[in-house]
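> File follows, my_file-v3.csv with CSV, C-alpha atoms:
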```
chain,number,residue,atom,x,y,z
A,1,MET,CA,-81.1,99.9,109.3
A,2,ASP,CA,-83.6,97.0,109.9
A,3,ASP,CA,-83.0,94.1,107.4
A,4,ASN,CA,-86.8,94.0,107.0
A,5,THR,CA,-86.9,97.5,105.5
A,6,PHE,CA,-88.2,97.6,101.9
A,7,PHE,CA,-86.8,100.3,99.8
A,8,LEU,CA,-85.7,101.4,96.3
A,9,GLU,CA,-82.0,101.8,96.4
A,10,ARG,CA,-81.1,102.7,92.9
A,11,LEU,CA,-83.0,104.0,89.9
A,12,HIS,CA,-81.8,104.5,86.3
A,13,LEU,CA,-83.9,106.1,83.6
A,14,THR,CA,-83.4,106.2,79.8
A,15,TYR,CA,-85.7,108.3,77.6
A,16,PHE,CA,-88.5,108.2,80.2
A,17,LYS,CA,-90.6,111.3,79.9
A,18,ASN,CA,-88.3,114.3,80.2
A,19,TYR,CA,-85.3,112.2,81.3
A,20,GLU,CA,-82.9,111.4,78.5
A,21,GLU,CA,-80.8,109.8,81.2
A,22,GLY,CA,-81.0,109.9,85.0
A,23,ASN,CA,-79.2,108.0,87.8
A,24,PHE,CA,-80.3,108.2,91.4
A,25,THR,CA,-79.2,106.5,94.7
A,26,PHE,CA,-81.9,106.8,97.3
A,27,GLY,CA,-81.9,106.6,101.1
A,28,PRO,CA,-84.1,104.1,102.9
A,29,GLN,CA,-86.1,106.7,104.7
A,30,VAL,CA,-87.0,110.2,103.4
A,31,ASN,CA,-86.0,111.4,100.0
A,32,CYS,CA,-86.9,115.0,99.0
A,33,ILE,CA,-87.0,115.7,95.3
A,34,VAL,CA,-86.8,119.5,94.8
A,35,GLY,CA,-86.5,121.7,91.7
A,36,GLN,CA,-88.4,124.2,89.5
A,37,ASN,CA,-91.9,123.4,88.3
A,38,GLY,CA,-91.6,121.4,85.0
A,39,SER,CA,-88.1,120.0,85.9
A,40,GLY,CA,-89.3,116.4,86.2
A,41,LYS,CA,-90.0,115.9,89.9
A,42,THR,CA,-93.4,114.2,89.4
A,43,ASN,CA,-92.0,112.2,86.5
A,44,LEU,CA,-89.4,110.8,88.8
A,45,LEU,CA,-92.1,109.7,91.2
A,46,ASP,CA,-94.0,108.2,88.3
A,47,ALA,CA,-91.0,106.2,87.4
A,48,VAL,CA,-90.9,104.7,90.9
A,49,TYR,CA,-94.7,104.0,90.6
A,50,PHE,CA,-94.2,102.4,87.2
A,51,LEU,CA,-91.6,100.0,88.5
A,52,ALA,CA,-93.8,98.9,91.4
A,53,LEU,CA,-97.1,98.6,89.4
A,54,SER,CA,-96.0,98.2,85.8
A,55,LYS,CA,-97.9,101.3,84.7
A,56,SER,CA,-98.0,105.1,85.0
A,57,ALA,CA,-100.0,106.7,87.8
A,58,PHE,CA,-101.1,109.5,85.6
A,59,HIS,CA,-102.2,108.1,82.2
A,60,ASN,CA,-103.2,104.8,80.7
A,61,GLN,CA,-101.1,104.9,77.5
A,62,ASP,CA,-97.6,103.5,78.1
A,63,ALA,CA,-96.3,105.2,74.9
A,64,LEU,CA,-96.9,108.6,76.5
A,65,SER,CA,-94.0,107.8,78.8
A,66,VAL,CA,-91.5,107.6,75.9
A,67,GLN,CA,-89.5,110.8,75.6
A,68,HIS,CA,-90.5,112.9,72.6
A,69,GLU,CA,-88.6,111.8,69.4
A,70,ALA,CA,-87.2,108.8,71.2
A,71,ASP,CA,-88.1,105.2,70.2
A,72,PHE,CA,-88.1,103.5,73.6
A,73,PHE,CA,-87.9,104.0,77.4
A,74,ILE,CA,-86.2,101.9,80.1
A,75,ILE,CA,-86.7,102.2,83.8
A,76,ASP,CA,-84.3,100.1,85.9
A,77,GLY,CA,-84.4,99.9,89.6
A,78,LEU,CA,-82.8,97.9,92.5
A,79,PHE,CA,-85.1,97.1,95.4
A,80,ARG,CA,-83.9,95.8,98.7
A,81,HIS,CA,-86.0,93.8,101.2
A,82,LYS,CA,-84.9,91.5,104.0
A,83,GLY,CA,-81.3,91.9,102.9
A,84,LYS,CA,-82.1,90.7,99.4
A,85,ALA,CA,-81.6,92.8,96.3
A,86,THR,CA,-84.0,92.5,93.3
A,87,GLN,CA,-83.5,94.2,90.0
A,88,ILE,CA,-86.7,95.3,88.2
A,89,THR,CA,-86.6,96.5,84.7
A,90,CYS,CA,-89.5,97.9,82.6
A,91,SER,CA,-89.0,98.8,79.0
A,92,LEU,CA,-91.1,99.8,76.0
A,93,GLN,CA,-90.2,100.0,72.3
A,94,ARG,CA,-92.7,102.1,70.3
A,95,GLY,CA,-95.1,99.8,68.5
A,96,GLN,CA,-94.2,96.8,70.6
A,97,ARG,CA,-95.4,95.2,73.9
A,98,LYS,CA,-94.1,96.4,77.2
A,99,VAL,CA,-91.5,94.1,78.8
A,100,LEU,CA,-91.2,93.8,82.6
A,101,MET,CA,-88.3,91.8,84.1
A,102,SER,CA,-87.3,90.6,87.6
A,103,ASP,CA,-83.6,90.0,87.8
A,104,LYS,CA,-83.4,90.0,84.0
A,105,LYS,CA,-86.1,87.3,83.7
A,106,ALA,CA,-89.3,88.5,81.9
A,107,TYR,CA,-92.6,88.0,83.6
A,108,GLU,CA,-95.0,85.8,81.5
A,109,ARG,CA,-97.9,87.9,82.8
A,110,MET,CA,-97.6,91.5,84.1
A,111,SER,CA,-100.1,90.6,86.9
A,112,GLU,CA,-97.5,88.3,88.5
A,113,HIS,CA,-95.6,91.5,89.5
A,114,ILE,CA,-98.5,93.3,91.2
A,115,GLY,CA,-98.4,93.1,95.0
A,116,LYS,CA,-94.7,92.3,95.3
A,117,PHE,CA,-93.5,95.9,95.5
A,118,LEU,CA,-96.1,98.0,97.3
A,119,VAL,CA,-96.6,101.7,96.7
A,120,VAL,CA,-99.0,104.4,97.8
A,121,LEU,CA,-99.2,107.7,96.0
A,122,VAL,CA,-100.6,111.0,97.4
A,123,ALA,CA,-101.0,113.5,94.6
A,124,PRO,CA,-102.7,116.9,93.9
A,125,ASN,CA,-105.4,115.3,91.7
A,126,ASP,CA,-106.6,113.0,94.5
A,127,THR,CA,-109.6,115.1,95.1
A,128,ASP,CA,-110.9,113.8,91.7
A,129,LEU,CA,-111.9,110.8,93.8
A,130,ILE,CA,-114.6,113.1,95.3
A,131,ARG,CA,-115.4,115.3,92.4
A,132,GLY,CA,-115.1,112.7,89.6
A,133,GLY,CA,-117.4,109.9,88.6
A,134,GLY,CA,-117.7,106.4,89.8
A,135,GLU,CA,-114.9,105.2,87.5
A,136,ASP,CA,-112.3,107.2,89.5
A,137,ARG,CA,-113.5,105.7,92.8
A,138,ARG,CA,-113.6,102.2,91.4
A,139,ARG,CA,-110.1,102.6,90.0
A,140,PHE,CA,-108.8,103.6,93.4
A,141,PHE,CA,-110.3,100.7,95.3
A,142,ASP,CA,-109.5,98.2,92.6
A,143,GLY,CA,-105.9,99.4,92.7
A,144,VAL,CA,-105.8,98.7,96.5
A,145,LEU,CA,-107.4,95.3,96.1
A,146,ALA,CA,-105.1,94.4,93.2
A,147,GLN,CA,-102.0,94.9,95.5
A,148,LEU,CA,-103.7,93.0,98.3
A,149,ASN,CA,-105.2,90.0,96.6
A,150,PRO,CA,-103.8,88.3,93.4
A,151,GLU,CA,-107.1,86.3,93.1
A,152,TYR,CA,-109.0,89.6,92.9
A,153,LEU,CA,-106.7,90.9,90.3
A,154,ALA,CA,-107.1,87.7,88.2
A,155,ASP,CA,-110.9,87.9,88.4
A,156,TYR,CA,-110.9,91.6,87.6
A,157,LEU,CA,-108.8,91.2,84.5
A,158,GLN,CA,-110.8,88.3,83.3
A,159,TYR,CA,-114.1,90.2,83.9
A,160,ASN,CA,-112.9,93.1,81.8
A,161,LYS,CA,-111.8,90.7,79.1
A,162,ILE,CA,-115.2,89.1,78.9
A,163,LEU,CA,-116.9,92.5,79.2
A,164,ALA,CA,-114.9,93.7,76.1
A,165,GLN,CA,-115.8,90.5,74.2
A,166,ARG,CA,-119.5,90.8,75.1
A,167,ASN,CA,-119.6,94.5,74.1
A,168,GLY,CA,-117.9,93.6,70.8
A,169,LEU,CA,-120.6,91.0,70.1
A,170,LEU,CA,-123.4,93.5,70.9
A,171,LYS,CA,-121.8,95.9,68.3
A,172,ILE,CA,-121.8,93.1,65.7
A,173,PHE,CA,-125.5,92.4,66.4
A,174,ALA,CA,-126.3,96.0,65.9
A,175,GLU,CA,-124.3,96.2,62.6
A,176,LYS,CA,-126.0,93.1,61.2
A,177,ASN,CA,-129.4,93.8,62.7
A,178,TYR,CA,-129.9,90.5,64.3
A,179,GLN,CA,-129.4,88.9,67.8
A,180,ASP,CA,-128.3,85.4,68.8
A,181,ASP,CA,-129.3,84.9,72.4
A,182,ASP,CA,-127.7,81.5,72.7
A,183,LEU,CA,-124.3,83.0,71.6
A,184,LEU,CA,-124.7,85.8,74.0
A,185,GLU,CA,-125.4,83.4,76.8
A,186,THR,CA,-122.0,81.8,76.4
A,187,TYR,CA,-120.6,85.2,77.7
A,188,ASN,CA,-123.3,85.8,80.3
A,189,GLU,CA,-122.5,82.7,82.4
A,190,PRO,CA,-118.8,83.5,83.1
A,191,PHE,CA,-119.6,87.2,83.3
A,192,LEU,CA,-122.2,86.7,86.1
A,193,ARG,CA,-120.0,84.3,88.0
A,194,LEU,CA,-117.0,86.7,88.0
A,195,ALA,CA,-119.3,89.7,88.8
A,196,ALA,CA,-120.6,87.9,91.9
A,197,ARG,CA,-117.1,87.0,93.1
A,198,ILE,CA,-115.8,90.6,92.6
A,199,PHE,CA,-118.8,92.0,94.4
A,200,GLU,CA,-118.2,89.8,97.4
A,201,LYS,CA,-114.5,90.7,97.6
A,202,ARG,CA,-115.3,94.4,97.3
A,203,ARG,CA,-118.0,94.2,100.0
A,204,THR,CA,-115.7,92.3,102.4
A,205,PHE,CA,-112.9,94.8,101.7
A,206,ILE,CA,-114.9,97.8,102.6
A,207,GLY,CA,-115.8,96.2,105.9
A,208,VAL,CA,-112.1,96.0,106.7
A,209,PHE,CA,-111.1,99.3,105.1
A,210,LEU,CA,-113.7,101.5,106.7
A,211,PRO,CA,-112.6,101.4,110.4
A,212,LEU,CA,-109.0,102.1,109.3
A,213,PHE,CA,-110.1,105.0,107.2
A,214,ALA,CA,-112.3,106.5,110.0
A,215,LYS,CA,-109.4,106.2,112.4
A,216,HIS,CA,-107.1,108.2,110.1
A,217,TYR,CA,-109.8,110.8,109.4
A,218,ALA,CA,-110.3,111.4,113.1
A,219,TYR,CA,-106.5,111.7,113.6
A,220,LEU,CA,-106.1,114.2,110.8
A,221,SER,CA,-109.1,116.3,111.5
A,222,GLU,CA,-109.2,116.2,115.3
A,223,SER,CA,-112.9,116.1,114.8
A,224,GLN,CA,-115.8,113.9,115.9
A,225,GLU,CA,-117.7,114.2,112.6
A,226,ALA,CA,-118.8,110.8,111.3
A,227,VAL,CA,-117.5,109.7,107.9
A,228,ASP,CA,-118.7,106.8,105.8
A,229,ILE,CA,-118.0,104.9,102.6
A,230,ILE,CA,-121.1,103.2,101.1
A,231,TYR,CA,-120.5,100.5,98.5
A,232,GLU,CA,-123.3,100.7,96.0
A,233,SER,CA,-123.8,97.7,93.6
A,234,GLU,CA,-126.8,96.3,91.9
A,235,VAL,CA,-124.9,93.0,91.5
A,236,GLY,CA,-125.7,92.1,95.2
A,237,SER,CA,-129.4,92.7,94.8
A,238,ALA,CA,-131.9,89.8,94.8
A,239,GLY,CA,-132.7,88.7,91.2
A,240,PHE,CA,-129.7,90.5,89.6
A,241,GLU,CA,-129.0,87.5,87.3
A,242,LYS,CA,-132.6,87.5,86.0
A,243,ASP,CA,-132.6,91.3,85.5
A,244,PHE,CA,-129.2,91.1,83.7
A,245,ARG,CA,-130.5,88.5,81.2
A,246,GLN,CA,-133.8,90.3,80.7
A,247,ASN,CA,-131.8,93.5,80.0
A,248,ARG,CA,-130.2,92.0,76.8
A,249,HIS,CA,-132.5,94.0,74.5
A,250,ARG,CA,-131.4,97.3,76.1
A,251,ASP,CA,-127.8,96.2,75.9
A,252,ALA,CA,-128.3,95.5,72.2
A,253,GLN,CA,-129.7,99.0,71.6
A,254,ALA,CA,-126.9,100.6,73.6
A,255,GLN,CA,-124.3,98.3,72.0
A,256,ARG,CA,-122.7,97.8,75.4
A,257,THR,CA,-123.2,96.0,78.7
A,258,THR,CA,-125.3,98.3,80.9
A,259,LYS,CA,-125.3,96.2,84.1
A,260,GLY,CA,-122.5,94.7,86.1
A,261,ILE,CA,-119.8,95.5,88.7
A,262,HIS,CA,-118.3,98.0,86.2
A,263,LYS,CA,-121.2,100.2,87.1
A,264,ASP,CA,-120.5,100.1,90.9
A,265,ASP,CA,-119.8,103.2,92.9
A,266,PHE,CA,-118.5,104.1,96.4
A,267,VAL,CA,-120.4,107.0,98.0
A,268,PHE,CA,-118.4,109.2,100.3
A,269,GLU,CA,-120.4,110.8,103.2
A,270,ILE,CA,-119.6,113.1,106.1
A,271,GLY,CA,-122.1,113.8,108.8
A,272,GLY,CA,-124.6,111.7,107.0
A,273,VAL,CA,-124.6,113.9,103.8
A,274,ALA,CA,-122.7,113.6,100.5
A,275,LEU,CA,-119.1,114.9,100.9
A,276,ARG,CA,-119.1,115.9,97.2
A,277,LYS,CA,-122.0,118.4,97.7
A,278,PHE,CA,-121.7,119.5,101.3
A,279,GLY,CA,-118.1,118.9,102.4
A,280,SER,CA,-115.8,121.9,102.7
A,281,GLN,CA,-112.5,122.0,100.8
A,282,GLY,CA,-110.6,121.1,104.0
A,283,GLN,CA,-112.9,118.2,104.7
A,284,GLN,CA,-112.5,116.9,101.2
A,285,LYS,CA,-108.7,117.1,101.4
A,286,THR,CA,-108.7,115.4,104.8
A,287,PHE,CA,-111.0,112.7,103.4
A,288,VAL,CA,-108.8,111.7,100.5
A,289,LEU,CA,-105.6,111.9,102.6
A,290,ALA,CA,-107.3,109.6,105.1
A,291,LEU,CA,-108.1,107.2,102.3
A,292,LYS,CA,-104.5,107.0,101.3
A,293,LEU,CA,-103.3,106.5,104.9
A,294,ALA,CA,-105.8,103.7,105.3
A,295,GLN,CA,-104.6,102.2,102.1
A,296,TYR,CA,-101.0,102.4,103.4
A,297,GLU,CA,-101.9,100.8,106.8
A,298,LEU,CA,-104.0,98.0,105.2
A,299,LEU,CA,-101.2,97.1,102.7
A,300,GLU,CA,-98.7,97.1,105.5
A,301,VAL,CA,-100.8,94.9,107.8
A,302,GLU,CA,-101.9,92.4,105.2
A,303,LYS,CA,-98.6,92.1,103.3
A,304,LYS,CA,-96.2,92.5,106.2
A,305,GLN,CA,-94.3,95.2,104.3
A,306,LYS,CA,-94.3,99.0,104.5
A,307,PRO,CA,-95.2,100.3,101.1
A,308,LEU,CA,-93.2,103.0,99.3
A,309,LEU,CA,-94.9,106.4,100.0
A,310,LEU,CA,-94.9,108.9,97.3
A,311,LEU,CA,-96.0,112.5,98.3
A,312,ASP,CA,-96.3,114.7,95.2
A,313,ASP,CA,-96.4,118.4,95.8
A,314,ILE,CA,-98.4,118.0,99.1
A,315,PHE,CA,-97.0,121.1,100.9
A,316,ASP,CA,-98.8,123.3,98.4
A,317,LYS,CA,-102.0,121.4,98.7
A,318,LEU,CA,-102.4,120.8,102.5
A,319,ASP,CA,-102.7,123.2,105.3
A,320,ASP,CA,-100.1,123.5,108.1
A,321,ARG,CA,-102.0,121.3,110.5
A,322,ARG,CA,-102.3,118.3,108.2
A,323,ILE,CA,-98.7,118.7,107.1
A,324,GLN,CA,-97.6,118.6,110.7
A,325,LYS,CA,-99.7,115.5,111.2
A,326,LEU,CA,-97.9,113.8,108.3
A,327,ILE,CA,-94.5,114.9,109.5
A,328,GLN,CA,-95.3,113.6,113.0
A,329,MET,CA,-96.0,110.2,111.5
A,330,MET,CA,-92.7,110.3,109.6
A,331,ASP,CA,-90.9,111.2,112.8
A,332,GLN,CA,-92.6,108.3,114.6
A,333,GLN,CA,-91.3,106.0,111.7
A,334,ARG,CA,-94.8,105.0,110.8
A,335,PHE,CA,-93.8,105.0,107.1
A,336,GLY,CA,-91.1,103.2,105.3
A,337,GLN,CA,-89.2,104.8,102.4
A,338,THR,CA,-90.8,108.1,101.5
A,339,PHE,CA,-90.4,110.4,98.5
A,340,ILE,CA,-91.5,114.0,98.7
A,341,THR,CA,-91.5,116.5,95.8
A,342,ASP,CA,-91.5,120.3,96.3
A,343,ALA,CA,-90.7,123.3,94.1
A,344,ARG,CA,-89.4,125.2,97.2
A,345,PRO,CA,-86.5,123.4,98.9
A,346,GLU,CA,-86.2,125.9,101.7
A,347,ARG,CA,-89.8,125.2,102.7
A,348,THR,CA,-89.1,121.4,102.8
A,349,GLN,CA,-86.0,121.9,104.8
A,350,LYS,CA,-87.8,124.1,107.3
A,351,LEU,CA,-90.7,121.7,107.7
A,352,LEU,CA,-88.4,118.7,108.2
A,353,GLU,CA,-85.7,120.4,110.3
A,354,ASN,CA,-86.8,118.6,113.5
A,355,CYS,CA,-87.6,115.3,111.9
A,356,GLN,CA,-85.3,112.6,113.2
A,357,ALA,CA,-85.5,110.4,110.0
A,358,ASP,CA,-82.6,110.1,107.6
A,359,ILE,CA,-83.4,112.8,105.1
A,360,ARG,CA,-81.7,113.2,101.7
A,361,PHE,CA,-82.3,116.0,99.2
A,362,PHE,CA,-82.1,115.6,95.4
A,363,GLU,CA,-82.2,118.7,93.2
A,364,ILE,CA,-83.7,118.1,89.7
A,365,LEU,CA,-82.1,120.5,87.2
A,366,PRO,CA,-83.9,121.7,84.0
A,367,GLN,CA,-81.5,119.6,81.9
A,368,SER,CA,-82.8,116.6,83.8
A,369,HIS,CA,-79.6,115.8,85.5
A,370,ALA,CA,-79.7,115.4,89.3
A,371,ARG,CA,-77.3,116.2,92.1
A,372,THR,CA,-77.6,115.7,95.8
A,373,PRO,CA,-76.9,118.9,97.8
A,374,ARG,CA,-76.9,117.2,101.2
A,375,SER,CA,-77.9,114.2,103.2
```
What is this structure when it is put down as structure tokens?

Amino acid sequence: MDDNTFFLERLHLTYFKNYEEGNFTFGPQVNCIVGQNGSGKTNLLDAVYFLALSKSAFHNQDALSVQHEADFFIIDGLFRHKGKATQITCSLQRGQRKVLMSDKKAYERMSEHIGKFLVVLVAPNDTDLIRGGGEDRRRFFDGVLAQLNPEYLADYLQYNKILAQRNGLLKIFAEKNYQDDDLLETYNEPFLRLAARIFEKRRTFIGVFLPLFAKHYAYLSESQEAVDIIYESEVGSAGFEKDFRQNRHRDAQAQRTTKGIHKDDFVFEIGGVALRKFGSQGQQKTFVLALKLAQYELLEVEKKQKPLLLLDDIFDKLDDRRIQKLIQMMDQQRFGQTFITDARPERTQKLLENCQADIRFFEILPQSHARTPRS
């Protein structure tokens, strides 16, 4: 094994979702998590995601990850990279703040952790990126940028803090039926400065991301159809600052900030038309998978580290051709440590039987204990 390999070696769960207790020792290449639907396969992937990014992949409320009737959860993992072991522990006591520790030393800010342990998740609900609203697409691209660029994450968090404060002030104005423009301006100036910086970072990012995405789409689809991602933002338009300030009366009526980078969108096109309206189901699935593969490659190139790849229930969602493309990439060792969930272990064994990677199987039993049938 290459000393430069980055992987999660051990994982211990206590009262995390349906796991009262769980202990796992993973291999550095392909780990197949198999078991009945509802046994906890996706929850196990979410625990890995949680350790890497300090949050769940599937919900925004940390308390939802505490097992029913329990008072806390603990996720403890041991990562290895370049021959060095790092213990990451995440815990939450109901009613208290989440604690994240590296080698038993707590982070002062959670954001310090983001970007150190890279992860990419491919999940059944990824097509929400196409069918959903702009918030879903912003969340995806902001997540990629946060892992890539600590400065972007700092600006993004500060922007959202000021946005919340400005919205709170607008609600107070509405409740008291008055408006203090000078007070509002104390929020406008840093808000506009951060919005401009985030806009520039997003625009630059799309310029780098798009060629990688187009390459992966062409590989997966074996097609010459043109695909595009168009970043739409009023922040970059001439006169935005003037328009923003003149919009204060509308903001007051709405009791929220109606202009800014929190209204940006990323438009997905195929063949020059909207993918959401005119793309086939196969084209949409290929599009979102290409997004994730481009995310993976960009993180690897920029951070000089292969991210963990989490593939949740993909064999049910992708057709045989796209599955074989992915397996071919595994066989070529294009990925680092990979986790695959499947409710049908015989299918996974059949699909991976000719793959030369080190493959380990973990069966998740209904009582949330795990055993390893074979390596």
> Within 6 Å of Gln29 (chain A), counting all atoms listed in the file, which residues qualify if same-chain residues fewer than 5 places away don't, as a list in words?
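Counting all atoms listed in the file, the residues come to Gln337, Thr338 and Asp358 of chain A.
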> Please, which residues in region 162-198 of chain A fall within 12 Å of region 223-247 of chain A when counting only C-alpha atoms, and what is the closest atom pair and distance in Å to one decimal for each, ordered by chain then residue number, as CSV?

```
residue,atom,partner,partner_atom,distance
A:Asp181,CA,A:Arg245,CA,9.6
A:Asp182,CA,A:Arg245,CA,11.4
A:Leu184,CA,A:Arg245,CA,9.6
A:Glu185,CA,A:Arg245,CA,8.4
A:Thr186,CA,A:Arg245,CA,11.8
A:Tyr187,CA,A:Arg245,CA,11.0
A:Asn188,CA,A:Arg245,CA,7.7
A:Glu189,CA,A:Glu241,CA,9.4
A:Pro190,CA,A:Glu241,CA,11.7
A:Phe191,CA,A:Glu241,CA,10.2
A:Leu192,CA,A:Glu241,CA,7.0
A:Arg193,CA,A:Glu241,CA,9.6
A:Leu194,CA,A:Val235,CA,10.7
A:Ala195,CA,A:Val235,CA,7.0
A:Ala196,CA,A:Val235,CA,6.7
A:Arg197,CA,A:Val235,CA,10.0
A:Ile198,CA,A:Val235,CA,9.5
```
> Could you check which of A:Val273, A:Leu309, A:Ile323, A:Ile114 is closest to Phe6 (chain A), using all atoms listed in the file?
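Residue with the minimum atom-to-atom distance to Phe6 (chain A): A:Leu309.
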> Show me, as a PDB file with C-alpha atoms, in the coordinates of the input, the residues that have an atom within 6 Å of region 34-44 of chain A when counting all atoms listed in the file, minus same-chain residues fewer than 3 positions from it.

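Wrote it out as result_22.pdb, contents follow:
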```pdb
ATOM      1  CA  ALA A  47     -91.000 106.200  87.400  1.00  0.00           C
ATOM      2  CA  THR A 341     -91.500 116.500  95.800  1.00  0.00           C
ATOM      3  CA  ASP A 342     -91.500 120.300  96.300  1.00  0.00           C
ATOM      4  CA  ALA A 343     -90.700 123.300  94.100  1.00  0.00           C
ATOM      5  CA  PRO A 345     -86.500 123.400  98.900  1.00  0.00           C
ATOM      6  CA  GLU A 363     -82.200 118.700  93.200  1.00  0.00           C
ATOM      7  CA  ILE A 364     -83.700 118.100  89.700  1.00  0.00           C
ATOM      8  CA  PRO A 366     -83.900 121.700  84.000  1.00  0.00           C
TER       9      PRO A 366
END
```
> Determine, counting all atoms listed in the file, which protein, DNA and RNA residues have an atom within 10 Å of an atom of region 254-258 of chain A; residues of the same chain fewer than 5 positions away are not included. Present the result as a PyMOL selection string.
chain A and resi 163-164+166-175+244+247-249+263
> Taking all atoms listed in the file into account, which of A:Gln281, A:Met329, A:Asn31, A:Leu100 comes nearest Ile359 (chain A)?
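Nearest candidate to Ile359 (chain A) out of A:Gln281, A:Met329, A:Asn31, A:Leu100: A:Asn31.
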> Point out the residue among A:Phe362, A:Tyr296, A:Phe79, A:Tyr217 with the least atom-to-atom distance to Phe24 (chain A), counting all atoms listed in the file.
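Smallest distance to Phe24 (chain A) is found for A:Phe362.
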> To one decimal place in Å, what is the distance between CA of Glu302 (chain A) and CA of Ala218 (chain A)?
22.2 Å
> Which neighbours of Lys306 (chain A) fall inside 7 Å, counting only C-alpha atoms, when residues of the same chain fewer than 4 positions from it are skipped, and could you give them as a list in words?
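Close residues of Lys306 (chain A): Phe6, Glu300, Phe335 and Gly336 of chain A.
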> Restricting the calculation to all atoms listed in the file: of A:Ser54, A:Gln67, A:Leu289, A:Leu210, which residue gets closest to Asn18 (chain A)?
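Checking each of A:Ser54, A:Gln67, A:Leu289, A:Leu210 against Asn18 (chain A), counting all atoms listed in the file, the winner is A:Gln67.
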> With all atoms listed in the file as the atoms that count, which of A:Gly115, A:Glu151, A:Thr204, A:Leu308 lies nearest to Val48 (chain A)?
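Of the candidates, the smallest distance to Val48 (chain A) is held by A:Leu308.
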> Just want the 8 Å neighbourhood of Arg137 (chain A), counted on all atoms listed in the file, with same-chain residues fewer than 5 positions away dropped. Output as a list in words.
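That gives Leu129, Ile130, Gly132, Asp265 and Phe266 of chain A.
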> Counting all atoms listed in the file, figure out which residue out of A:Asp62, A:Gly279, A:Gln179, A:Glu222 gets nearest to Asp251 (chain A).
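Smallest distance to Asp251 (chain A) is found for A:Gln179.
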> For CA of Ile33 (chain A) and CA of Asp103 (chain A), determine how far apart the two atoms are, in Å to one decimal place.
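Straight-line distance from CA of Ile33 (chain A) to CA of Asp103 (chain A) works out to 27.0 Å.
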> I'd like the interatomic distance between CA of Met101 (chain A) and CA of Ser56 (chain A), to a tenth of an Å.
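Distance between the two atoms: 16.5 Å.
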> Complete the atoms of region 146-160 of chain A to N, CA and C atoms and put them out as a compact mmCIF listing (two decimals), keeping the file's coordinate frame.

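And here's part-v8.txt as it stands now:
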```txt
# COMPACT_ATOMS: atom_id res chain seq x y z
N ALA A 146 -106.02 95.07 94.12
CA ALA A 146 -105.10 94.40 93.20
C ALA A 146 -103.76 94.12 93.94
N GLN A 147 -103.29 95.11 94.72
CA GLN A 147 -102.00 94.90 95.50
C GLN A 147 -102.20 93.95 96.61
N LEU A 148 -103.40 93.89 97.16
CA LEU A 148 -103.70 93.00 98.30
C LEU A 148 -103.90 91.56 97.93
N ASN A 149 -104.62 91.34 96.83
CA ASN A 149 -105.20 90.00 96.60
C ASN A 149 -104.99 89.62 95.10
N PRO A 150 -104.04 88.73 94.81
CA PRO A 150 -103.80 88.30 93.40
C PRO A 150 -105.07 87.65 92.80
N GLU A 151 -105.90 86.96 93.61
CA GLU A 151 -107.10 86.30 93.10
C GLU A 151 -108.09 87.42 92.61
N TYR A 152 -108.17 88.50 93.35
CA TYR A 152 -109.00 89.60 92.90
C TYR A 152 -108.56 90.16 91.60
N LEU A 153 -107.27 90.38 91.49
CA LEU A 153 -106.70 90.90 90.30
C LEU A 153 -107.01 90.01 89.07
N ALA A 154 -106.85 88.70 89.27
CA ALA A 154 -107.10 87.70 88.20
C ALA A 154 -108.58 87.80 87.77
N ASP A 155 -109.49 87.83 88.76
CA ASP A 155 -110.90 87.90 88.40
C ASP A 155 -111.26 89.22 87.73
N TYR A 156 -110.67 90.31 88.20
CA TYR A 156 -110.90 91.60 87.60
C TYR A 156 -110.49 91.71 86.18
N LEU A 157 -109.29 91.19 85.90
CA LEU A 157 -108.80 91.20 84.50
C LEU A 157 -109.62 90.32 83.61
N GLN A 158 -110.03 89.15 84.12
CA GLN A 158 -110.80 88.30 83.30
C GLN A 158 -112.23 88.85 83.06
N TYR A 159 -112.79 89.49 84.07
CA TYR A 159 -114.10 90.20 83.90
C TYR A 159 -114.03 91.20 82.81
N ASN A 160 -113.01 92.03 82.84
CA ASN A 160 -112.90 93.10 81.80
C ASN A 160 -112.66 92.51 80.44
```
